[in-house]
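Participant: This structure is in structure tokens; I'll ask about it shortly.
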Amino acid sequence: MEHVSAAAVINGHGVVTRWSEGARRLTGHPAGEVVGRAARELLAGDVPPGALAALTGTVALRHRDGSSLELSLRACPVTGADGETEDYLVVAEPAGGAGRPAETALTLVGEFFQQASLSMSVFDTRQRYLRVNEAGCRVMGLPEEALIGRHLWDTLDRTVDSRDFVRHLQHVAETGEPVQYENLTRSPSGPNEYAWTVEMWPVRAPSGEVAAVALAAFENTEQHRARQRLALLNEAAAAIGTTLDVVRTAEELVDLLVPRFADFASVDLLDWVLNADEPLAVPAEDVVMRRVAHRSAVEGFPRASARLGETDTYPPYSGPAKALREGRAVLSGVGDPDFERWMRVRNIQAPHNREYRNRLRSTLAVPLRARGITLGVAVAMRAAPQEPYTADDTALGEELASRAAVCVDNARRFARERTTALALQHSLLPRGLPGQAAVEVAHRYLPTVSAAGIGGDWFDVIPLSGSRVALVVGDVVGHGIPSSATMGRLCTAVRTLADVDLPPDELLTHLDDLVTHLAADDNADEVAELGATCLYAVYDPVSRRLTVAAAGHPAPAVILPGGAARLLPMTAGPPLGVGGLPFEATELTLPEGSVVALYTDGLVEDRDRDVDHATAEMCRALTAPAASLDALCDGVLKAVLPEEPSDDVALLLARTRALGADRVATWEVPPDPARVAATRQCAIEQLLAWGLDETAFVTELVVSELVTNAIRYGEPPIRLRLIRDRSLICEVSDGSSTSPHLRRAHAYDEGGRGLLLVAQLTQRWGSRQTGGGKTIWAEQPLP
């Protein structure tokens, strides 16, 4: 029987890490079955007493065919750089060979070196080959006799990797310190990379000096590629979905794939995804999709068959159509009849890419599916000399596409909700401001582009009785459709309360009660969405007085003619929904031509900006020369806002006007019914002076009824006022807070028909409370 010697390496945990060809021939076990297993699993019996301590002895091993095999073992400890034992080199031979001379053991060690599966070499301190085993010769592509004595540098391709290799080898020779590192090499015939774990350690002479450098290299290309795939997945978690934009998410996916995973990659989406419509079924025949992203490893090669934004048609036998229809990744390449049929069609459609398609090795089409919905398909291609895609690559592609699909679906849903919220908000905001003479207004509303969604910012201009006007801005906490819906509630409530003609502080008190009730009625999870701020201002062009009250809202800025802008000093009050705290109104008289700026906090507040600095910038921008209020609005937004505001912005500018004495007439009325006729005559004479004699008949009836009611049911002082504005306004004030009510008189009633006549003859009428009583007013159109 042929004498066979075997060698193996066992680490400190008793696990086999190396297995020679001689060990395979002796035991029948190939290296793949043994490496990584505990050495004890190979034993057919117990270890003899004292064998472990002596590192030698005869043991029984189990042959691969099930038989028992007596072997004589000798172990030699292998120490590391720190002198500690790390591994054991075990040499074995059939029992009966124990006690062979030392030269036999040396021969076995030489066989171990020569037959080891690792690439092993020994160099002198000047990097010249002393020994190379069989695995090392295969790596270098030269026999050992052609390498011995040659300098290492003369046998390498002199790349950056080679210089790094020589540098490490020289470091070990000069310092005597072992080195372990990972080296990447490229195949001479192509761009494929191979990974090696390289260990270099000094070989010392008996004197202790470094006499040589030993090297062992283990190829771990598959492990390296697995780490690369894992790194790509980790990078995808941070690189894909950085924005809530469908197209940008697709671009991030192809940027990740090319060039590390593909020579060319593209993303096509179904049309309904881009339009934020409801999901549609995938067609069974030709599939039409829209190209949203593509990229080539070499610029312009290949040129994409469809331009960005254009549609592309995929026949049912093509990889992308199959992937979309079957909901799984489809791997195709040379030799696949459907693939070659598709390539022939593509060569006709885009002949300029024929050269690339002739080199095409493999195509991977992966559907983009999220939450059970198919959105589109991602296609990755590899051309020669790259290796075709494998099953591991398919699994990686599916994982990357799955992550991208979730981000695309999130972006689609966000776009759909944003569109809905924006449409709802625009439907609630005033489209065309109502006609009124008190102020000239200009406004801007900018919805945010942030991922938080549309906010609840709003504004309004509400005409009031007596030519007055209400200016309103508000901001609902939160974003999205719930905030827009709450904004609509508040906007409607403010208009309703303004129609009652409440003072600003009282109006905010009622609005605060409303928000508190809404929060109590809604789900507890939505209470936070019902917080809001609001600023309500009333301007009277007759008295030129501005009355302002705020609920947690920034104070308005006031710009007097020819003066600087300043914030109106006022008490903001608590936000709406807090409840239990009062609101205070601030009054000031403005000269004609003053500008009042009302805005939401998105104009001056941002996490990256200082509020005081932004407010100062706004005040400077408000005093800049501008041809119109609209131009002033644009100038303020340009000067204050960043390129992408993180919150919605509403800005309302109002330039005040004044109604002079030529358009307002006032009379004090004694509380005597006999004075009604004289008062009526004064009113008629004023109408004639204004050239409004056509309105005299109706006005005479209105003045007579309202003054008579004030004298009969009210309290002094009684005052009549006529205002000539866009309409003719008749106001009668008295000291009583009791408001009249419209009623229908019976057939035999002597009274009760006055207010009914007023309501029938005028355009509109009403009453409002004042600090000293009430005012009854009626409007009629000018001829």
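Every chain in the structure tokens has a letter given in the order shown (A, B, ...), and although residue numbers restart at 1 in each chain, ligands are simply numbered from 1 in the order shown.
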Quick one: residues within 12 Å of region 39-43 of chain A, only C-alpha atoms, excluding same-chain residues fewer than 6 positions away - as a compact mmCIF listing (two decimals) with C-alpha atoms, in the first residue's frame?

Facilitator:
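The result, written out as selection37.txt:
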```
# COMPACT_ATOMS: atom_id res chain seq x y z
CA ALA A 8 -4.24 19.74 8.67
CA VAL A 9 -4.47 22.96 10.66
CA ILE A 10 -6.67 23.12 13.78
CA ASN A 11 -7.36 26.41 15.58
CA GLY A 12 -7.47 26.94 19.33
CA HIS A 13 -11.19 26.06 19.42
CA GLY A 14 -10.61 22.63 17.91
CA VAL A 15 -12.04 23.59 14.49
CA VAL A 16 -10.36 22.40 11.28
CA THR A 17 -9.28 25.42 9.20
CA ARG A 18 -6.99 23.74 6.60
CA TRP A 19 -7.08 20.24 5.01
CA ALA A 23 -5.57 14.16 4.17
CA THR A 27 -9.46 9.64 4.98
CA GLY A 28 -11.65 10.04 1.91
CA HIS A 29 -13.05 13.33 3.24
CA GLU A 33 -16.68 18.54 4.11
CA THR A 58 -2.35 7.22 17.94
CA VAL A 59 -6.06 7.87 17.41
CA ALA A 60 -8.90 6.22 15.51
CA LEU A 61 -10.50 8.33 12.76
CA ARG A 62 -13.68 7.54 10.88
CA HIS A 63 -13.05 7.05 7.14
CA ARG A 64 -15.56 8.51 4.71
CA GLY A 66 -17.62 4.37 7.49
CA SER A 67 -14.62 2.26 8.44
CA SER A 68 -12.25 3.06 11.28
CA LEU A 69 -8.72 4.19 10.51
CA GLU A 70 -5.77 4.10 12.95
CA LEU A 71 -3.53 7.14 12.48
CA TYR A 88 -1.82 23.71 15.54
CA VAL A 90 -1.16 18.36 12.67
```

Participant: For region 361-371 of chain A, work out the shell of residues within 7 Å, counting only C-alpha atoms and skipping chain neighbours fewer than 5 positions away, then give it as JSON, numbers by chain.

Facilitator: {"A": [319, 320, 323, 324, 327, 328, 329, 330, 331, 332, 333, 334, 376, 377, 378, 379, 380, 381, 382, 383, 384, 388, 389, 397, 398, 401, 402, 405, 406, 409]}

Participant: As a PyMOL selection string, list the residues of region 218-297 of chain A assigned to strand (DSSP E) by DSSP on the backbone atoms of this structure.

Facilitator: chain A and resi 218-219+264-269+287-296

Participant: Would you give me, as a VMD selection string, the residues in region 275-449 of chain A that DSSP reads as alpha helix (DSSP H)?

Facilitator: chain A and resid 319 to 326 337 to 349 354 to 359 391 to 428

Participant: Grab the residues selected above and save them as an mmCIF file, in the first residue's frame with C-alpha atoms.

Facilitator:
```
data_model
loop_
_atom_site.group_PDB
_atom_site.id
_atom_site.type_symbol
_atom_site.label_atom_id
_atom_site.label_comp_id
_atom_site.auth_asym_id
_atom_site.auth_seq_id
_atom_site.Cartn_x
_atom_site.Cartn_y
_atom_site.Cartn_z
ATOM 1 C CA GLY A 319 -38.342 40.496 -19.675
ATOM 2 C CA PRO A 320 -39.893 43.733 -18.355
ATOM 3 C CA ALA A 321 -43.395 42.710 -19.507
ATOM 4 C CA LYS A 322 -43.010 39.265 -17.907
ATOM 5 C CA ALA A 323 -41.738 40.785 -14.667
ATOM 6 C CA LEU A 324 -44.637 43.231 -14.560
ATOM 7 C CA ARG A 325 -47.226 40.597 -15.348
ATOM 8 C CA GLU A 326 -45.863 37.805 -13.098
ATOM 9 C CA PRO A 337 -35.272 32.454 -27.203
ATOM 10 C CA ASP A 338 -37.540 35.197 -25.842
ATOM 11 C CA PHE A 339 -34.532 37.341 -24.977
ATOM 12 C CA GLU A 340 -32.983 36.975 -28.430
ATOM 13 C CA ARG A 341 -36.365 37.672 -30.054
ATOM 14 C CA TRP A 342 -36.673 40.855 -28.001
ATOM 15 C CA MET A 343 -33.128 41.904 -28.929
ATOM 16 C CA ARG A 344 -33.905 41.451 -32.639
ATOM 17 C CA VAL A 345 -36.889 43.775 -32.254
ATOM 18 C CA ARG A 346 -34.753 46.290 -30.369
ATOM 19 C CA ASN A 347 -32.090 46.192 -33.078
ATOM 20 C CA ILE A 348 -34.732 47.236 -35.590
ATOM 21 C CA GLN A 349 -36.163 49.935 -33.310
ATOM 22 C CA ARG A 354 -26.647 47.129 -31.998
ATOM 23 C CA GLU A 355 -22.963 47.068 -31.010
ATOM 24 C CA TYR A 356 -23.901 47.151 -27.324
ATOM 25 C CA ARG A 357 -26.567 44.482 -27.715
ATOM 26 C CA ASN A 358 -24.089 42.172 -29.417
ATOM 27 C CA ARG A 359 -22.042 42.344 -26.213
ATOM 28 C CA ALA A 391 -29.163 33.962 -8.437
ATOM 29 C CA ASP A 392 -27.513 36.060 -5.707
ATOM 30 C CA ASP A 393 -27.654 39.108 -7.985
ATOM 31 C CA THR A 394 -31.333 38.430 -8.628
ATOM 32 C CA ALA A 395 -32.059 38.360 -4.901
ATOM 33 C CA LEU A 396 -30.138 41.615 -4.463
ATOM 34 C CA GLY A 397 -32.004 43.242 -7.358
ATOM 35 C CA GLU A 398 -35.351 42.229 -5.869
ATOM 36 C CA GLU A 399 -34.408 43.678 -2.487
ATOM 37 C CA LEU A 400 -33.240 46.979 -4.003
ATOM 38 C CA ALA A 401 -36.353 47.218 -6.180
ATOM 39 C CA SER A 402 -38.579 46.465 -3.198
ATOM 40 C CA ARG A 403 -37.059 49.309 -1.198
ATOM 41 C CA ALA A 404 -37.312 51.674 -4.152
ATOM 42 C CA ALA A 405 -40.921 50.650 -4.811
ATOM 43 C CA VAL A 406 -41.976 51.519 -1.258
ATOM 44 C CA CYS A 407 -40.338 54.940 -1.643
ATOM 45 C CA VAL A 408 -42.012 55.469 -5.034
ATOM 46 C CA ASP A 409 -45.385 54.517 -3.574
ATOM 47 C CA ASN A 410 -44.844 56.834 -0.621
ATOM 48 C CA ALA A 411 -44.025 59.646 -3.025
ATOM 49 C CA ARG A 412 -47.088 58.819 -5.134
ATOM 50 C CA ARG A 413 -49.349 58.823 -2.098
ATOM 51 C CA PHE A 414 -47.804 62.064 -0.860
ATOM 52 C CA ALA A 415 -48.318 63.695 -4.257
ATOM 53 C CA ARG A 416 -51.918 62.539 -4.308
ATOM 54 C CA GLU A 417 -52.629 63.800 -0.789
ATOM 55 C CA ARG A 418 -50.780 67.031 -1.494
ATOM 56 C CA THR A 419 -52.831 67.590 -4.650
ATOM 57 C CA THR A 420 -56.059 66.906 -2.758
ATOM 58 C CA ALA A 421 -55.096 69.159 0.153
ATOM 59 C CA LEU A 422 -53.961 71.919 -2.188
ATOM 60 C CA ALA A 423 -57.190 71.724 -4.198
ATOM 61 C CA LEU A 424 -59.206 71.811 -0.973
ATOM 62 C CA GLN A 425 -57.235 74.744 0.358
ATOM 63 C CA HIS A 426 -57.450 76.739 -2.865
ATOM 64 C CA SER A 427 -61.191 76.149 -2.932
ATOM 65 C CA LEU A 428 -61.449 77.631 0.559
#
```

Participant: Can you work out which one of A:Glu182, A:Asp124, A:Glu285, A:Glu252 has the shortest atom-to-atom distance to Arg204 (chain A), counting only C-alpha atoms?

Facilitator: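 Comparing A:Glu182, A:Asp124, A:Glu285, A:Glu252 against Arg204 (chain A), the winner is A:Asp124.
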
Participant: Between CA of Leu518 (chain A) and CA of Pro503 (chain A), measure the distance and give it in Å to one decimal.

Facilitator: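 Interatomic distance, CA of Leu518 (chain A) to CA of Pro503 (chain A): 22.7 Å.
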
Participant: Point out the residue among A:Ala470, A:Leu497, A:Leu118, A:Ile718 with the least atom-to-atom distance to Val548 (chain A), counting only C-alpha atoms.

Facilitator: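 Using only C-alpha atoms, Val548 (chain A) sits closest to A:Ala470.
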